[in-house]
Structure formats: structure tokens, C-alpha cells
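K.L.:
Please find coords-v3.pdb (PDB, C-alpha atoms and all ligand atoms) on the next line:
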MODEL        1
ATOM      1  CA  MET A   1     155.942 157.582  12.360  1.00  0.00           C
ATOM      2  CA  LYS A   2     155.523 154.139  10.841  1.00  0.00           C
ATOM      3  CA  LYS A   3     152.270 153.540   8.989  1.00  0.00           C
ATOM      4  CA  ASN A   4     151.100 150.652   6.783  1.00  0.00           C
ATOM      5  CA  ILE A   5     151.822 148.012   9.383  1.00  0.00           C
ATOM      6  CA  ILE A   6     151.324 144.251   9.449  1.00  0.00           C
ATOM      7  CA  LEU A   7     150.527 142.602  12.783  1.00  0.00           C
ATOM      8  CA  MET A   8     151.591 138.962  12.846  1.00  0.00           C
ATOM      9  CA  GLY A   9     151.442 136.212  15.403  1.00  0.00           C
ATOM     10  CA  PRO A  10     149.559 133.022  16.236  1.00  0.00           C
ATOM     11  CA  PRO A  11     145.825 133.054  17.049  1.00  0.00           C
ATOM     12  CA  GLY A  12     145.431 134.439  20.547  1.00  0.00           C
ATOM     13  CA  ALA A  13     148.714 136.366  20.555  1.00  0.00           C
ATOM     14  CA  GLY A  14     146.779 139.599  20.947  1.00  0.00           C
ATOM     15  CA  LYS A  15     146.765 141.083  17.459  1.00  0.00           C
ATOM     16  CA  GLY A  16     143.165 142.227  17.656  1.00  0.00           C
ATOM     17  CA  THR A  17     143.490 143.769  21.117  1.00  0.00           C
ATOM     18  CA  LEU A  18     146.680 145.583  20.149  1.00  0.00           C
ATOM     19  CA  ALA A  19     145.198 146.748  16.861  1.00  0.00           C
ATOM     20  CA  LYS A  20     142.232 148.314  18.629  1.00  0.00           C
ATOM     21  CA  GLN A  21     144.539 150.192  21.037  1.00  0.00           C
ATOM     22  CA  LEU A  22     146.850 151.403  18.247  1.00  0.00           C
ATOM     23  CA  LYS A  23     143.990 152.354  15.993  1.00  0.00           C
ATOM     24  CA  SER A  24     142.613 154.932  18.385  1.00  0.00           C
ATOM     25  CA  SER A  25     145.958 156.310  19.549  1.00  0.00           C
ATOM     26  CA  LEU A  26     147.704 156.504  16.164  1.00  0.00           C
ATOM     27  CA  ASN A  27     144.710 157.143  13.944  1.00  0.00           C
ATOM     28  CA  LEU A  28     145.312 154.169  11.675  1.00  0.00           C
ATOM     29  CA  VAL A  29     142.655 152.141   9.892  1.00  0.00           C
ATOM     30  CA  HIS A  30     142.301 148.658  11.407  1.00  0.00           C
ATOM     31  CA  ILE A  31     141.820 145.981   8.765  1.00  0.00           C
ATOM     32  CA  SER A  32     141.084 142.551  10.206  1.00  0.00           C
ATOM     33  CA  THR A  33     140.317 139.910   7.595  1.00  0.00           C
ATOM     34  CA  GLY A  34     138.784 137.761  10.359  1.00  0.00           C
ATOM     35  CA  ASP A  35     136.414 140.630  11.299  1.00  0.00           C
ATOM     36  CA  MET A  36     135.582 141.198   7.632  1.00  0.00           C
ATOM     37  CA  PHE A  37     134.656 137.553   7.213  1.00  0.00           C
ATOM     38  CA  ARG A  38     132.577 137.619  10.419  1.00  0.00           C
ATOM     39  CA  GLU A  39     130.740 140.729   9.167  1.00  0.00           C
ATOM     40  CA  ASN A  40     129.927 138.868   5.974  1.00  0.00           C
ATOM     41  CA  ILE A  41     128.735 135.843   7.929  1.00  0.00           C
ATOM     42  CA  LYS A  42     126.512 138.078  10.057  1.00  0.00           C
ATOM     43  CA  GLY A  43     125.153 139.782   6.950  1.00  0.00           C
ATOM     44  CA  GLY A  44     124.449 136.446   5.261  1.00  0.00           C
ATOM     45  CA  THR A  45     126.405 137.286   2.095  1.00  0.00           C
ATOM     46  CA  ALA A  46     127.672 134.677  -0.371  1.00  0.00           C
ATOM     47  CA  LEU A  47     131.218 135.430   0.752  1.00  0.00           C
ATOM     48  CA  GLY A  48     130.152 134.913   4.365  1.00  0.00           C
ATOM     49  CA  LEU A  49     128.570 131.576   3.595  1.00  0.00           C
ATOM     50  CA  LEU A  50     131.705 130.385   1.839  1.00  0.00           C
ATOM     51  CA  ALA A  51     134.042 131.702   4.554  1.00  0.00           C
ATOM     52  CA  LYS A  52     132.025 130.120   7.361  1.00  0.00           C
ATOM     53  CA  SER A  53     132.555 126.624   6.007  1.00  0.00           C
ATOM     54  CA  TYR A  54     136.308 127.084   6.462  1.00  0.00           C
ATOM     55  CA  ILE A  55     136.429 129.269   9.558  1.00  0.00           C
ATOM     56  CA  ASP A  56     134.297 127.065  11.802  1.00  0.00           C
ATOM     57  CA  LYS A  57     136.672 124.155  11.233  1.00  0.00           C
ATOM     58  CA  GLY A  58     139.744 126.298  11.846  1.00  0.00           C
ATOM     59  CA  ASP A  59     140.829 126.155   8.206  1.00  0.00           C
ATOM     60  CA  LEU A  60     142.014 129.083   6.130  1.00  0.00           C
ATOM     61  CA  VAL A  61     139.680 130.705   3.633  1.00  0.00           C
ATOM     62  CA  PRO A  62     141.115 130.170   0.097  1.00  0.00           C
ATOM     63  CA  ASP A  63     143.790 132.658  -0.916  1.00  0.00           C
ATOM     64  CA  GLN A  64     142.092 134.162  -3.953  1.00  0.00           C
ATOM     65  CA  VAL A  65     138.880 134.961  -2.088  1.00  0.00           C
ATOM     66  CA  THR A  66     140.834 136.537   0.755  1.00  0.00           C
ATOM     67  CA  ILE A  67     143.172 138.471  -1.520  1.00  0.00           C
ATOM     68  CA  ASP A  68     140.295 139.913  -3.578  1.00  0.00           C
ATOM     69  CA  MET A  69     138.495 141.053  -0.432  1.00  0.00           C
ATOM     70  CA  LEU A  70     141.623 142.664   0.963  1.00  0.00           C
ATOM     71  CA  LYS A  71     142.509 144.287  -2.323  1.00  0.00           C
ATOM     72  CA  ALA A  72     139.194 146.113  -2.487  1.00  0.00           C
ATOM     73  CA  ARG A  73     139.561 147.263   1.124  1.00  0.00           C
ATOM     74  CA  LEU A  74     143.132 148.576   0.771  1.00  0.00           C
ATOM     75  CA  ALA A  75     142.181 150.686  -2.217  1.00  0.00           C
ATOM     76  CA  GLU A  76     139.614 152.604  -0.179  1.00  0.00           C
ATOM     77  CA  LYS A  77     140.241 156.248   0.552  1.00  0.00           C
ATOM     78  CA  ASP A  78     140.526 155.917   4.347  1.00  0.00           C
ATOM     79  CA  CYS A  79     143.648 153.744   3.986  1.00  0.00           C
ATOM     80  CA  GLU A  80     145.763 156.548   2.618  1.00  0.00           C
ATOM     81  CA  ASN A  81     146.773 157.800   6.072  1.00  0.00           C
ATOM     82  CA  GLY A  82     148.022 154.391   7.125  1.00  0.00           C
ATOM     83  CA  PHE A  83     146.611 150.981   7.952  1.00  0.00           C
ATOM     84  CA  LEU A  84     147.093 148.130  10.371  1.00  0.00           C
ATOM     85  CA  LEU A  85     146.706 144.693   8.835  1.00  0.00           C
ATOM     86  CA  ASP A  86     145.527 142.149  11.388  1.00  0.00           C
ATOM     87  CA  GLY A  87     145.326 138.544  10.172  1.00  0.00           C
ATOM     88  CA  PHE A  88     146.605 139.199   6.667  1.00  0.00           C
ATOM     89  CA  PRO A  89     148.798 137.891   5.090  1.00  0.00           C
ATOM     90  CA  ARG A  90     148.580 134.346   6.431  1.00  0.00           C
ATOM     91  CA  THR A  91     150.154 132.460   3.520  1.00  0.00           C
ATOM     92  CA  LEU A  92     153.038 133.002   1.122  1.00  0.00           C
ATOM     93  CA  PRO A  93     150.760 133.646  -1.889  1.00  0.00           C
ATOM     94  CA  GLN A  94     148.950 136.286   0.202  1.00  0.00           C
ATOM     95  CA  ALA A  95     152.246 137.937   1.154  1.00  0.00           C
ATOM     96  CA  GLU A  96     153.326 137.987  -2.478  1.00  0.00           C
ATOM     97  CA  ALA A  97     149.994 139.419  -3.575  1.00  0.00           C
ATOM     98  CA  LEU A  98     150.243 142.086  -0.899  1.00  0.00           C
ATOM     99  CA  GLU A  99     153.725 143.017  -2.038  1.00  0.00           C
ATOM    100  CA  ARG A 100     152.489 143.550  -5.605  1.00  0.00           C
ATOM    101  CA  LEU A 101     149.345 145.313  -4.524  1.00  0.00           C
ATOM    102  CA  SER A 102     150.969 147.720  -2.087  1.00  0.00           C
ATOM    103  CA  LYS A 103     153.415 148.742  -4.818  1.00  0.00           C
ATOM    104  CA  GLU A 104     150.575 149.278  -7.262  1.00  0.00           C
ATOM    105  CA  ILE A 105     148.686 151.595  -4.946  1.00  0.00           C
ATOM    106  CA  ASN A 106     151.874 153.164  -3.629  1.00  0.00           C
ATOM    107  CA  ARG A 107     151.238 152.222  -0.008  1.00  0.00           C
ATOM    108  CA  PRO A 108     154.278 150.114   0.907  1.00  0.00           C
ATOM    109  CA  ILE A 109     154.445 148.023   4.085  1.00  0.00           C
ATOM    110  CA  GLU A 110     156.814 149.774   6.476  1.00  0.00           C
ATOM    111  CA  VAL A 111     157.041 147.275   9.305  1.00  0.00           C
ATOM    112  CA  VAL A 112     155.862 143.840  10.429  1.00  0.00           C
ATOM    113  CA  VAL A 113     155.137 143.689  14.147  1.00  0.00           C
ATOM    114  CA  ASN A 114     155.361 140.077  15.247  1.00  0.00           C
ATOM    115  CA  LEU A 115     153.845 138.980  18.557  1.00  0.00           C
ATOM    116  CA  ASP A 116     155.501 135.972  20.198  1.00  0.00           C
ATOM    117  CA  CYS A 117     153.520 133.775  22.549  1.00  0.00           C
ATOM    118  CA  ASN A 118     153.800 130.189  23.774  1.00  0.00           C
ATOM    119  CA  ASN A 119     151.149 127.545  22.989  1.00  0.00           C
ATOM    120  CA  GLU A 120     149.979 127.063  26.581  1.00  0.00           C
ATOM    121  CA  GLU A 121     149.153 130.732  26.897  1.00  0.00           C
ATOM    122  CA  LEU A 122     147.473 130.831  23.474  1.00  0.00           C
ATOM    123  CA  ILE A 123     145.190 127.972  24.475  1.00  0.00           C
ATOM    124  CA  ARG A 124     144.368 129.635  27.791  1.00  0.00           C
ATOM    125  CA  ARG A 125     143.561 132.936  26.096  1.00  0.00           C
ATOM    126  CA  ILE A 126     141.441 131.509  23.309  1.00  0.00           C
ATOM    127  CA  SER A 127     139.452 129.120  25.452  1.00  0.00           C
ATOM    128  CA  GLY A 128     138.407 132.004  27.725  1.00  0.00           C
ATOM    129  CA  ARG A 129     137.867 134.555  24.991  1.00  0.00           C
ATOM    130  CA  ARG A 130     134.533 136.295  24.558  1.00  0.00           C
ATOM    131  CA  VAL A 131     133.785 138.818  21.844  1.00  0.00           C
ATOM    132  CA  CYS A 132     131.168 141.561  21.542  1.00  0.00           C
ATOM    133  CA  LYS A 133     128.608 140.651  18.920  1.00  0.00           C
ATOM    134  CA  ASN A 134     128.103 144.324  18.072  1.00  0.00           C
ATOM    135  CA  CYS A 135     131.532 145.929  17.961  1.00  0.00           C
ATOM    136  CA  GLY A 136     133.970 142.991  18.114  1.00  0.00           C
ATOM    137  CA  ALA A 137     135.709 144.154  21.311  1.00  0.00           C
ATOM    138  CA  PRO A 138     137.624 141.252  22.893  1.00  0.00           C
ATOM    139  CA  TYR A 139     137.262 140.044  26.513  1.00  0.00           C
ATOM    140  CA  HIS A 140     138.498 137.124  28.616  1.00  0.00           C
ATOM    141  CA  ILE A 141     136.417 135.423  31.290  1.00  0.00           C
ATOM    142  CA  VAL A 142     139.322 135.559  33.773  1.00  0.00           C
ATOM    143  CA  THR A 143     141.866 138.181  32.728  1.00  0.00           C
ATOM    144  CA  MET A 144     139.803 140.782  30.846  1.00  0.00           C
ATOM    145  CA  LYS A 145     136.350 140.624  32.373  1.00  0.00           C
ATOM    146  CA  PRO A 146     133.700 143.111  31.321  1.00  0.00           C
ATOM    147  CA  LYS A 147     132.199 145.255  34.094  1.00  0.00           C
ATOM    148  CA  VAL A 148     128.895 143.421  33.762  1.00  0.00           C
ATOM    149  CA  GLU A 149     129.053 139.732  32.899  1.00  0.00           C
ATOM    150  CA  GLY A 150     128.142 139.023  29.281  1.00  0.00           C
ATOM    151  CA  VAL A 151     127.846 142.707  28.347  1.00  0.00           C
ATOM    152  CA  CYS A 152     130.308 144.826  26.340  1.00  0.00           C
ATOM    153  CA  ASP A 153     131.801 147.766  28.299  1.00  0.00           C
ATOM    154  CA  LEU A 154     132.074 149.830  25.147  1.00  0.00           C
ATOM    155  CA  CYS A 155     128.706 149.465  23.465  1.00  0.00           C
ATOM    156  CA  GLY A 156     126.461 147.361  25.710  1.00  0.00           C
ATOM    157  CA  GLY A 157     126.289 144.576  23.110  1.00  0.00           C
ATOM    158  CA  PRO A 158     126.088 140.896  24.078  1.00  0.00           C
ATOM    159  CA  LEU A 159     129.309 138.878  24.422  1.00  0.00           C
ATOM    160  CA  TYR A 160     129.601 135.486  22.764  1.00  0.00           C
ATOM    161  CA  GLN A 161     132.151 132.759  22.192  1.00  0.00           C
ATOM    162  CA  ARG A 162     133.349 132.476  18.595  1.00  0.00           C
ATOM    163  CA  ALA A 163     132.400 129.210  16.863  1.00  0.00           C
ATOM    164  CA  ASP A 164     136.082 128.584  16.095  1.00  0.00           C
ATOM    165  CA  ASP A 165     137.265 129.209  19.665  1.00  0.00           C
ATOM    166  CA  ASN A 166     136.939 125.562  20.671  1.00  0.00           C
ATOM    167  CA  GLU A 167     139.640 122.998  21.310  1.00  0.00           C
ATOM    168  CA  GLU A 168     139.258 121.146  18.035  1.00  0.00           C
ATOM    169  CA  ALA A 169     139.247 124.167  15.704  1.00  0.00           C
ATOM    170  CA  LEU A 170     142.028 125.800  17.682  1.00  0.00           C
ATOM    171  CA  LYS A 171     144.284 122.823  17.109  1.00  0.00           C
ATOM    172  CA  VAL A 172     143.727 123.157  13.364  1.00  0.00           C
ATOM    173  CA  ARG A 173     144.342 126.933  13.527  1.00  0.00           C
ATOM    174  CA  LEU A 174     147.622 126.451  15.388  1.00  0.00           C
ATOM    175  CA  ASP A 175     148.720 123.873  12.815  1.00  0.00           C
ATOM    176  CA  HIS A 176     147.917 126.288   9.982  1.00  0.00           C
ATOM    177  CA  TYR A 177     149.870 128.956  11.780  1.00  0.00           C
ATOM    178  CA  VAL A 178     152.971 126.770  11.957  1.00  0.00           C
ATOM    179  CA  THR A 179     152.817 125.445   8.383  1.00  0.00           C
ATOM    180  CA  ASP A 180     151.337 128.373   6.447  1.00  0.00           C
ATOM    181  CA  THR A 181     151.950 131.590   8.362  1.00  0.00           C
ATOM    182  CA  LYS A 182     155.138 131.176  10.380  1.00  0.00           C
ATOM    183  CA  PRO A 183     157.307 130.906   7.232  1.00  0.00           C
ATOM    184  CA  LEU A 184     156.306 134.507   6.472  1.00  0.00           C
ATOM    185  CA  LEU A 185     158.502 135.659   9.332  1.00  0.00           C
ATOM    186  CA  ASP A 186     161.526 134.734   7.210  1.00  0.00           C
ATOM    187  CA  PHE A 187     159.992 136.388   4.177  1.00  0.00           C
ATOM    188  CA  TYR A 188     159.760 139.692   6.057  1.00  0.00           C
ATOM    189  CA  LYS A 189     163.039 139.255   7.902  1.00  0.00           C
ATOM    190  CA  GLN A 190     164.794 139.024   4.541  1.00  0.00           C
ATOM    191  CA  ARG A 191     163.181 142.318   3.610  1.00  0.00           C
ATOM    192  CA  GLY A 192     164.379 143.941   6.822  1.00  0.00           C
ATOM    193  CA  LEU A 193     160.825 144.611   7.989  1.00  0.00           C
ATOM    194  CA  LEU A 194     160.477 142.204  10.933  1.00  0.00           C
ATOM    195  CA  GLU A 195     160.225 143.484  14.511  1.00  0.00           C
ATOM    196  CA  ASN A 196     159.601 140.999  17.349  1.00  0.00           C
ATOM    197  CA  PHE A 197     157.683 141.652  20.567  1.00  0.00           C
ATOM    198  CA  ASN A 198     156.911 139.334  23.462  1.00  0.00           C
ATOM    199  CA  SER A 199     153.159 139.267  23.995  1.00  0.00           C
ATOM    200  CA  LEU A 200     153.476 137.714  27.483  1.00  0.00           C
ATOM    201  CA  VAL A 201     154.222 141.136  29.007  1.00  0.00           C
ATOM    202  CA  GLY A 202     150.491 141.902  29.099  1.00  0.00           C
ATOM    203  CA  SER A 203     148.312 144.005  26.829  1.00  0.00           C
ATOM    204  CA  GLN A 204     149.043 147.433  28.353  1.00  0.00           C
ATOM    205  CA  GLU A 205     152.813 146.984  28.403  1.00  0.00           C
ATOM    206  CA  LEU A 206     152.780 145.487  24.915  1.00  0.00           C
ATOM    207  CA  PHE A 207     150.835 148.481  23.657  1.00  0.00           C
ATOM    208  CA  ASN A 208     153.363 150.853  25.290  1.00  0.00           C
ATOM    209  CA  GLN A 209     156.308 149.067  23.699  1.00  0.00           C
ATOM    210  CA  VAL A 210     154.799 148.830  20.238  1.00  0.00           C
ATOM    211  CA  SER A 211     153.489 152.383  20.094  1.00  0.00           C
ATOM    212  CA  LYS A 212     156.850 153.709  21.302  1.00  0.00           C
ATOM    213  CA  PHE A 213     158.533 151.770  18.533  1.00  0.00           C
ATOM    214  CA  LEU A 214     156.076 152.879  15.846  1.00  0.00           C
ATOM    215  CA  THR A 215     156.253 156.557  16.720  1.00  0.00           C
ATOM    216  CA  LYS A 216     159.995 156.885  17.230  1.00  0.00           C
TER     217      LYS A 216
HETATM  218  P1  LIG A 301     142.632 134.467  15.049  1.00  0.00           P
HETATM  219  O1  LIG A 301     143.794 135.373  14.793  1.00  0.00           O
HETATM  220  O2  LIG A 301     142.208 134.432  16.468  1.00  0.00           O
HETATM  221  O3  LIG A 301     142.807 133.086  14.473  1.00  0.00           O
HETATM  222  P2  LIG A 301     141.000 135.876  13.036  1.00  0.00           P
HETATM  223  O4  LIG A 301     139.790 136.615  13.406  1.00  0.00           O
HETATM  224  O5  LIG A 301     142.173 136.640  12.538  1.00  0.00           O
HETATM  225  O6  LIG A 301     141.342 135.010  14.320  1.00  0.00           O
HETATM  226  O7  LIG A 301     140.645 134.793  11.911  1.00  0.00           O
HETATM  227  C1  LIG A 301     139.583 133.879  12.072  1.00  0.00           C
HETATM  228  C2  LIG A 301     139.517 132.938  10.879  1.00  0.00           C
HETATM  229  O8  LIG A 301     139.233 133.676   9.680  1.00  0.00           O
HETATM  230  C3  LIG A 301     140.797 132.179  10.557  1.00  0.00           C
HETATM  231  O9  LIG A 301     140.945 131.014  11.338  1.00  0.00           O
HETATM  232  C4  LIG A 301     140.565 131.858   9.066  1.00  0.00           C
HETATM  233  O10 LIG A 301     139.658 130.796   8.912  1.00  0.00           O
HETATM  234  C5  LIG A 301     139.883 133.114   8.564  1.00  0.00           C
HETATM  235  N1  LIG A 301     140.883 134.075   8.055  1.00  0.00           N
HETATM  236  C6  LIG A 301     141.182 135.295   8.584  1.00  0.00           C
HETATM  237  N2  LIG A 301     142.155 135.894   7.881  1.00  0.00           N
HETATM  238  C7  LIG A 301     142.501 135.035   6.894  1.00  0.00           C
HETATM  239  C8  LIG A 301     143.456 135.056   5.841  1.00  0.00           C
HETATM  240  N3  LIG A 301     144.295 136.101   5.679  1.00  0.00           N
HETATM  241  N4  LIG A 301     143.530 133.999   5.000  1.00  0.00           N
HETATM  242  C9  LIG A 301     142.707 132.944   5.147  1.00  0.00           C
HETATM  243  N5  LIG A 301     141.797 132.846   6.125  1.00  0.00           N
HETATM  244  C10 LIG A 301     141.688 133.869   6.988  1.00  0.00           C
HETATM  245 ZN    ZN A 302     130.752 146.165  21.985  1.00  0.00          ZN
ENDMDL
END
Give the structure from this file in C-alpha cells form.
Ligand code: ADP
Ligand code: ZN

P.N.:
Amino acid sequence: MKKNIILMGPPGAGKGTLAKQLKSSLNLVHISTGDMFRENIKGGTALGLLAKSYIDKGDLVPDQVTIDMLKARLAEKDCENGFLLDGFPRTLPQAEALERLSKEINRPIEVVVNLDCNNEELIRRISGRRVCKNCGAPYHIVTMKPKVEGVCDLCGGPLYQRADDNEEALKVRLDHYVTDTKPLLDFYKQRGLLENFNSLVGSQELFNQVSKFLTK
């Protein structure tokens, strides 16, 4: 089985949803840098305060801050059985840092799962997205409704709309994806690690395809 996996794709491609499904079925640790920043924002830490000023506008948090946070997380004991990186790396310096770091701790990246999605669908998904304030579970007001409106199926927590899930910030996020993150696909292709999946097939089918690939 493949472990130490990177999930890549534009915002709204379904990385978080897929990661949550894979995490419970394959027993991998889910590391989402976006979730880590949001935890820090919620907790009112200095890192959270700094991150918020970038995130709310749709900008990327500076590389060094992000790399240091990730580095500490990857070194933790629970990562030794395998991890799923969701939202990291997003820039070339981050990818290079990860390459050095994963060598250092002897946990090499084994595959990069890339989720393809067109812009129209990304915009539709993100504009209708709601997230549980408690556990981070994702919903959509049309396609992934909770059983009770505004309430998380999993933990009963309240659902909210992320501050960066608005038209203006999304435009900036999509631009960052194209200029900063998309070039990483070549970086990983050259290393023979890239595996493409079409995220338009729907979350259940996507999960089936990816887990079949990872466990074969
Ligand atoms: P999405 O994939 O929907 O854009 P995430 O939760 O992964 O959402 O990220 C939300 C925001 O957190 C990003 O727009 C960015 O500001 C910040 N962020 C997350 N990961 C990184 C990263 N690796 N480098 C820089 N900023 C990041
Ligand atoms: Zn919840």
C-alpha cells in the first residue's frame, strides 16, 4: 500500500473531502495546513493572527511560516504509519523543503494524487460550501446537505461559511493556484510520482478510484 501521500488540486477540487474518507479507511494521518491555520485562528495564537491576514484575502501564508509548522507536524510520532498531505506543498520552495525534510526523517513521498476540476465547478462548489465549526467536516448547500440545516451530521456542531469562500478571495486563490501551485505538477511528474484523477466523477466514485489505486 502507498503511504506518505500528497493530495494536490485547485481549491474546491475535493482534497479535504477525499482526505477524510481515505483517512478513516486507510488509517493514515490527515495533515491539512489550511485546517492547522484555522485551528490557530480559532485558538487566537500569534501564528493564527498572522495567517488570518493572508487567508482572508485569498493569499498564501509565507513559505517559511508554513514550512516550519509542517516540519514540526511531520516529525510527530503518529506520522510514522503514513500521512496524507492536504494543501501542502503549494509553492516550489515548499516542495523543495518537503523533499529535504522527508529524506531527513526517512518518510519519503510515495505518490502525488492530483485532482482535476474545471473552474466553473470549483466556483460552484466553493460558493455553496459550508464547514463544521467543530470538526471541519465539509458540506454543500445543494449537493452535500446535512440532515438538519446548519448542523453537522457527524458531531452536531454549527456549520459556517469560511471567510475566504467568497467571490473576491476565491479569485485570488485560483490565481495563486495557477501561478504558484500548478507548476508543482511538473516537479512531481519529473520524479515519476504524479497520478491524475478527474474529480468531476463525484466524491464516492473518486474515493473508490483513489483508494483502489493506493492499495493495489
Ligand atoms: P482550499 O484548498 O479550499 O483553498 P485550504 O484549507 O487548503 O483551502 O487553505 C486555506 C488557506 O490557507 C489558503 O488559501 C492559504 O491562505 C492558506 N494555506 C493553506 N495551506 C497553505 C500552504 N501550504 N502555503 C501557504 N498558505 C497556505
Ligand atoms: Zn462536525

K.L.:
Please report as a Markdown table every residue of stretch 168-193 of chain A lying within 9 Å of stretch 40-58 of chain A, along with the nearest atom pair and their distance in Å (one decimal), using all atoms listed in the file.

P.N.:
| residue | atom | partner | partner_atom | distance |
| --- | --- | --- | --- | --- |
| A:Glu168 | CA | A:Lys57 | CA | 7.9 |
| A:Ala169 | CA | A:Gly58 | CA | 4.4 |
| A:Leu170 | CA | A:Gly58 | CA | 6.3 |
| A:Lys171 | CA | A:Gly58 | CA | 7.8 |
| A:Val172 | CA | A:Gly58 | CA | 5.3 |
| A:Arg173 | CA | A:Gly58 | CA | 4.9 |
| A:Leu174 | CA | A:Gly58 | CA | 8.6 |
| A:His176 | CA | A:Gly58 | CA | 8.4 |

K.L.:
Measure the distance from atom CA of A:Lys77 to atom CA of A:Ser24 in Å and round it to one decimal.

P.N.:
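About the pair atom CA of A:Lys77 and atom CA of A:Ser24: they are 18.0 Å apart.
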
K.L.:
I'd like the neighbourhood of A:Leu98 as a VMD selection string, where a residue qualifies if any of its atoms comes within 12 Å (using all atoms listed in the file), though same-chain residues fewer than 6 positions away should be ignored.

P.N.:
chain A and resid 4 to 6 63 to 64 66 to 72 74 to 75 85 88 to 92 104 to 109

K.L.:
Taking only residues of chain A that have an atom at most 7 Å from an atom of ligand ZN 302 (chain A), what is each one's shortest atom pair and its distance in Å to one decimal, using only C-alpha atoms and all ligand atoms, in chain and number order, as a Markdown table?

P.N.:
| residue | atom | partner | partner_atom | distance |
| --- | --- | --- | --- | --- |
| A:Cys132 | CA | A:ZN302 | ZN | 4.6 |
| A:Lys133 | CA | A:ZN302 | ZN | 6.7 |
| A:Asn134 | CA | A:ZN302 | ZN | 5.1 |
| A:Cys135 | CA | A:ZN302 | ZN | 4.1 |
| A:Gly136 | CA | A:ZN302 | ZN | 6.0 |
| A:Ala137 | CA | A:ZN302 | ZN | 5.4 |
| A:Cys152 | CA | A:ZN302 | ZN | 4.6 |
| A:Asp153 | CA | A:ZN302 | ZN | 6.6 |
| A:Leu154 | CA | A:ZN302 | ZN | 5.0 |
| A:Cys155 | CA | A:ZN302 | ZN | 4.2 |
| A:Gly156 | CA | A:ZN302 | ZN | 5.8 |
| A:Gly157 | CA | A:ZN302 | ZN | 4.9 |

K.L.:
I'd like the residues picked by the PyMOL selection byres (((chain A and resi 27) around 12) and not hetatm) written out as a PDB file with C-alpha atoms, in the coordinates of the input, using the chain letters and numbers from the file.

P.N.:
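Listing of part_28.pdb after writing:
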ATOM      1  CA  MET A   1     155.942 157.582  12.360  1.00  0.00           C
ATOM      2  CA  LYS A   2     155.523 154.139  10.841  1.00  0.00           C
ATOM      3  CA  LYS A   3     152.270 153.540   8.989  1.00  0.00           C
ATOM      4  CA  ASN A   4     151.100 150.652   6.783  1.00  0.00           C
ATOM      5  CA  ALA A  19     145.198 146.748  16.861  1.00  0.00           C
ATOM      6  CA  LYS A  20     142.232 148.314  18.629  1.00  0.00           C
ATOM      7  CA  GLN A  21     144.539 150.192  21.037  1.00  0.00           C
ATOM      8  CA  LEU A  22     146.850 151.403  18.247  1.00  0.00           C
ATOM      9  CA  LYS A  23     143.990 152.354  15.993  1.00  0.00           C
ATOM     10  CA  SER A  24     142.613 154.932  18.385  1.00  0.00           C
ATOM     11  CA  SER A  25     145.958 156.310  19.549  1.00  0.00           C
ATOM     12  CA  LEU A  26     147.704 156.504  16.164  1.00  0.00           C
ATOM     13  CA  LEU A  28     145.312 154.169  11.675  1.00  0.00           C
ATOM     14  CA  VAL A  29     142.655 152.141   9.892  1.00  0.00           C
ATOM     15  CA  HIS A  30     142.301 148.658  11.407  1.00  0.00           C
ATOM     16  CA  ASP A  78     140.526 155.917   4.347  1.00  0.00           C
ATOM     17  CA  CYS A  79     143.648 153.744   3.986  1.00  0.00           C
ATOM     18  CA  GLU A  80     145.763 156.548   2.618  1.00  0.00           C
ATOM     19  CA  ASN A  81     146.773 157.800   6.072  1.00  0.00           C
ATOM     20  CA  GLY A  82     148.022 154.391   7.125  1.00  0.00           C
ATOM     21  CA  PHE A  83     146.611 150.981   7.952  1.00  0.00           C
ATOM     22  CA  LEU A  84     147.093 148.130  10.371  1.00  0.00           C
ATOM     23  CA  SER A 211     153.489 152.383  20.094  1.00  0.00           C
ATOM     24  CA  THR A 215     156.253 156.557  16.720  1.00  0.00           C
TER      25      THR A 215
END

K.L.:
Evaluate the PyMOL selection byres (((chain A and resi 117) around 7) and not hetatm) on the structure here and hand back the selected residues as a CSV table (one decimal) with C-alpha atoms, in the coordinates of the input.

P.N.:
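What ended up in expr-v2.csv:
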chain,number,residue,atom,x,y,z
A,13,ALA,CA,148.7,136.4,20.6
A,115,LEU,CA,153.8,139.0,18.6
A,116,ASP,CA,155.5,136.0,20.2
A,118,ASN,CA,153.8,130.2,23.8
A,119,ASN,CA,151.1,127.5,23.0
A,121,GLU,CA,149.2,130.7,26.9
A,122,LEU,CA,147.5,130.8,23.5
A,198,ASN,CA,156.9,139.3,23.5
A,199,SER,CA,153.2,139.3,24.0
A,200,LEU,CA,153.5,137.7,27.5

K.L.:
Please determine, counting only C-alpha atoms, which residue among A:Asn166, A:Val151, A:Pro93, A:Glu110 has the shortest atom-to-atom distance to A:Ser127.

P.N.:
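Nearest candidate to A:Ser127 out of A:Asn166, A:Val151, A:Pro93, A:Glu110: A:Asn166.
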
K.L.:
Could you check which of A:Glu96, A:Asp164, A:Asp186, A:Glu120 is closest to ligand LIG 301 (chain A), using only C-alpha atoms and all ligand atoms?

P.N.:
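Result for the nearest residue to ligand LIG 301 (chain A): A:Asp164.
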
K.L.:
My list of candidates is A:Gly9, A:Gly87, A:Gly192, A:Gly16. Which is closest to ligand LIG 301 (chain A) when distances are computed with only C-alpha atoms and all ligand atoms?

P.N.:
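Nearest candidate to ligand LIG 301 (chain A) out of A:Gly9, A:Gly87, A:Gly192, A:Gly16: A:Gly87.
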
K.L.:
Kindly indicate which residue among A:Val201, A:Ala163, A:Val113, A:Leu206 lies nearest to ligand LIG 301 (chain A), using all atoms listed in the file for the distances.

P.N.:
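Checking each of A:Val201, A:Ala163, A:Val113, A:Leu206 against ligand LIG 301 (chain A), counting all atoms listed in the file, the winner is A:Ala163.
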
K.L.:
Just how far from atom CA of A:Arg129 is atom CA of A:Lys145, in Å to one decimal?

P.N.:
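Separation between atom CA of A:Lys145 and atom CA of A:Arg129: 9.7 Å.
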
K.L.:
Between atom CA of A:Arg162 and atom CA of A:Asp180, what distance in Å does the model show, to one decimal?

P.N.:
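Atom CA of A:Asp180 lies at a distance of 22.1 Å from atom CA of A:Arg162.
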
K.L.:
Taking every listed atom of ligand LIG 301 (chain A) and adding 4 Å to each side, what centre and edge lengths in Å (one decimal) does the axis-aligned box have, as lines of an AutoDock Vina configuration file?

P.N.:
center_x = 141.8
center_y = 133.7
center_z = 10.7
size_x = 13.1
size_y = 13.8
size_z = 19.5

K.L.:
Given the choices A:Ala97, A:Leu60, A:Val148, A:Leu18, which gets closest to ligand LIG 301 (chain A) if the distance is worked out from only C-alpha atoms and all ligand atoms?

P.N.:
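Closest residue, counting only C-alpha atoms and all ligand atoms: A:Leu60.
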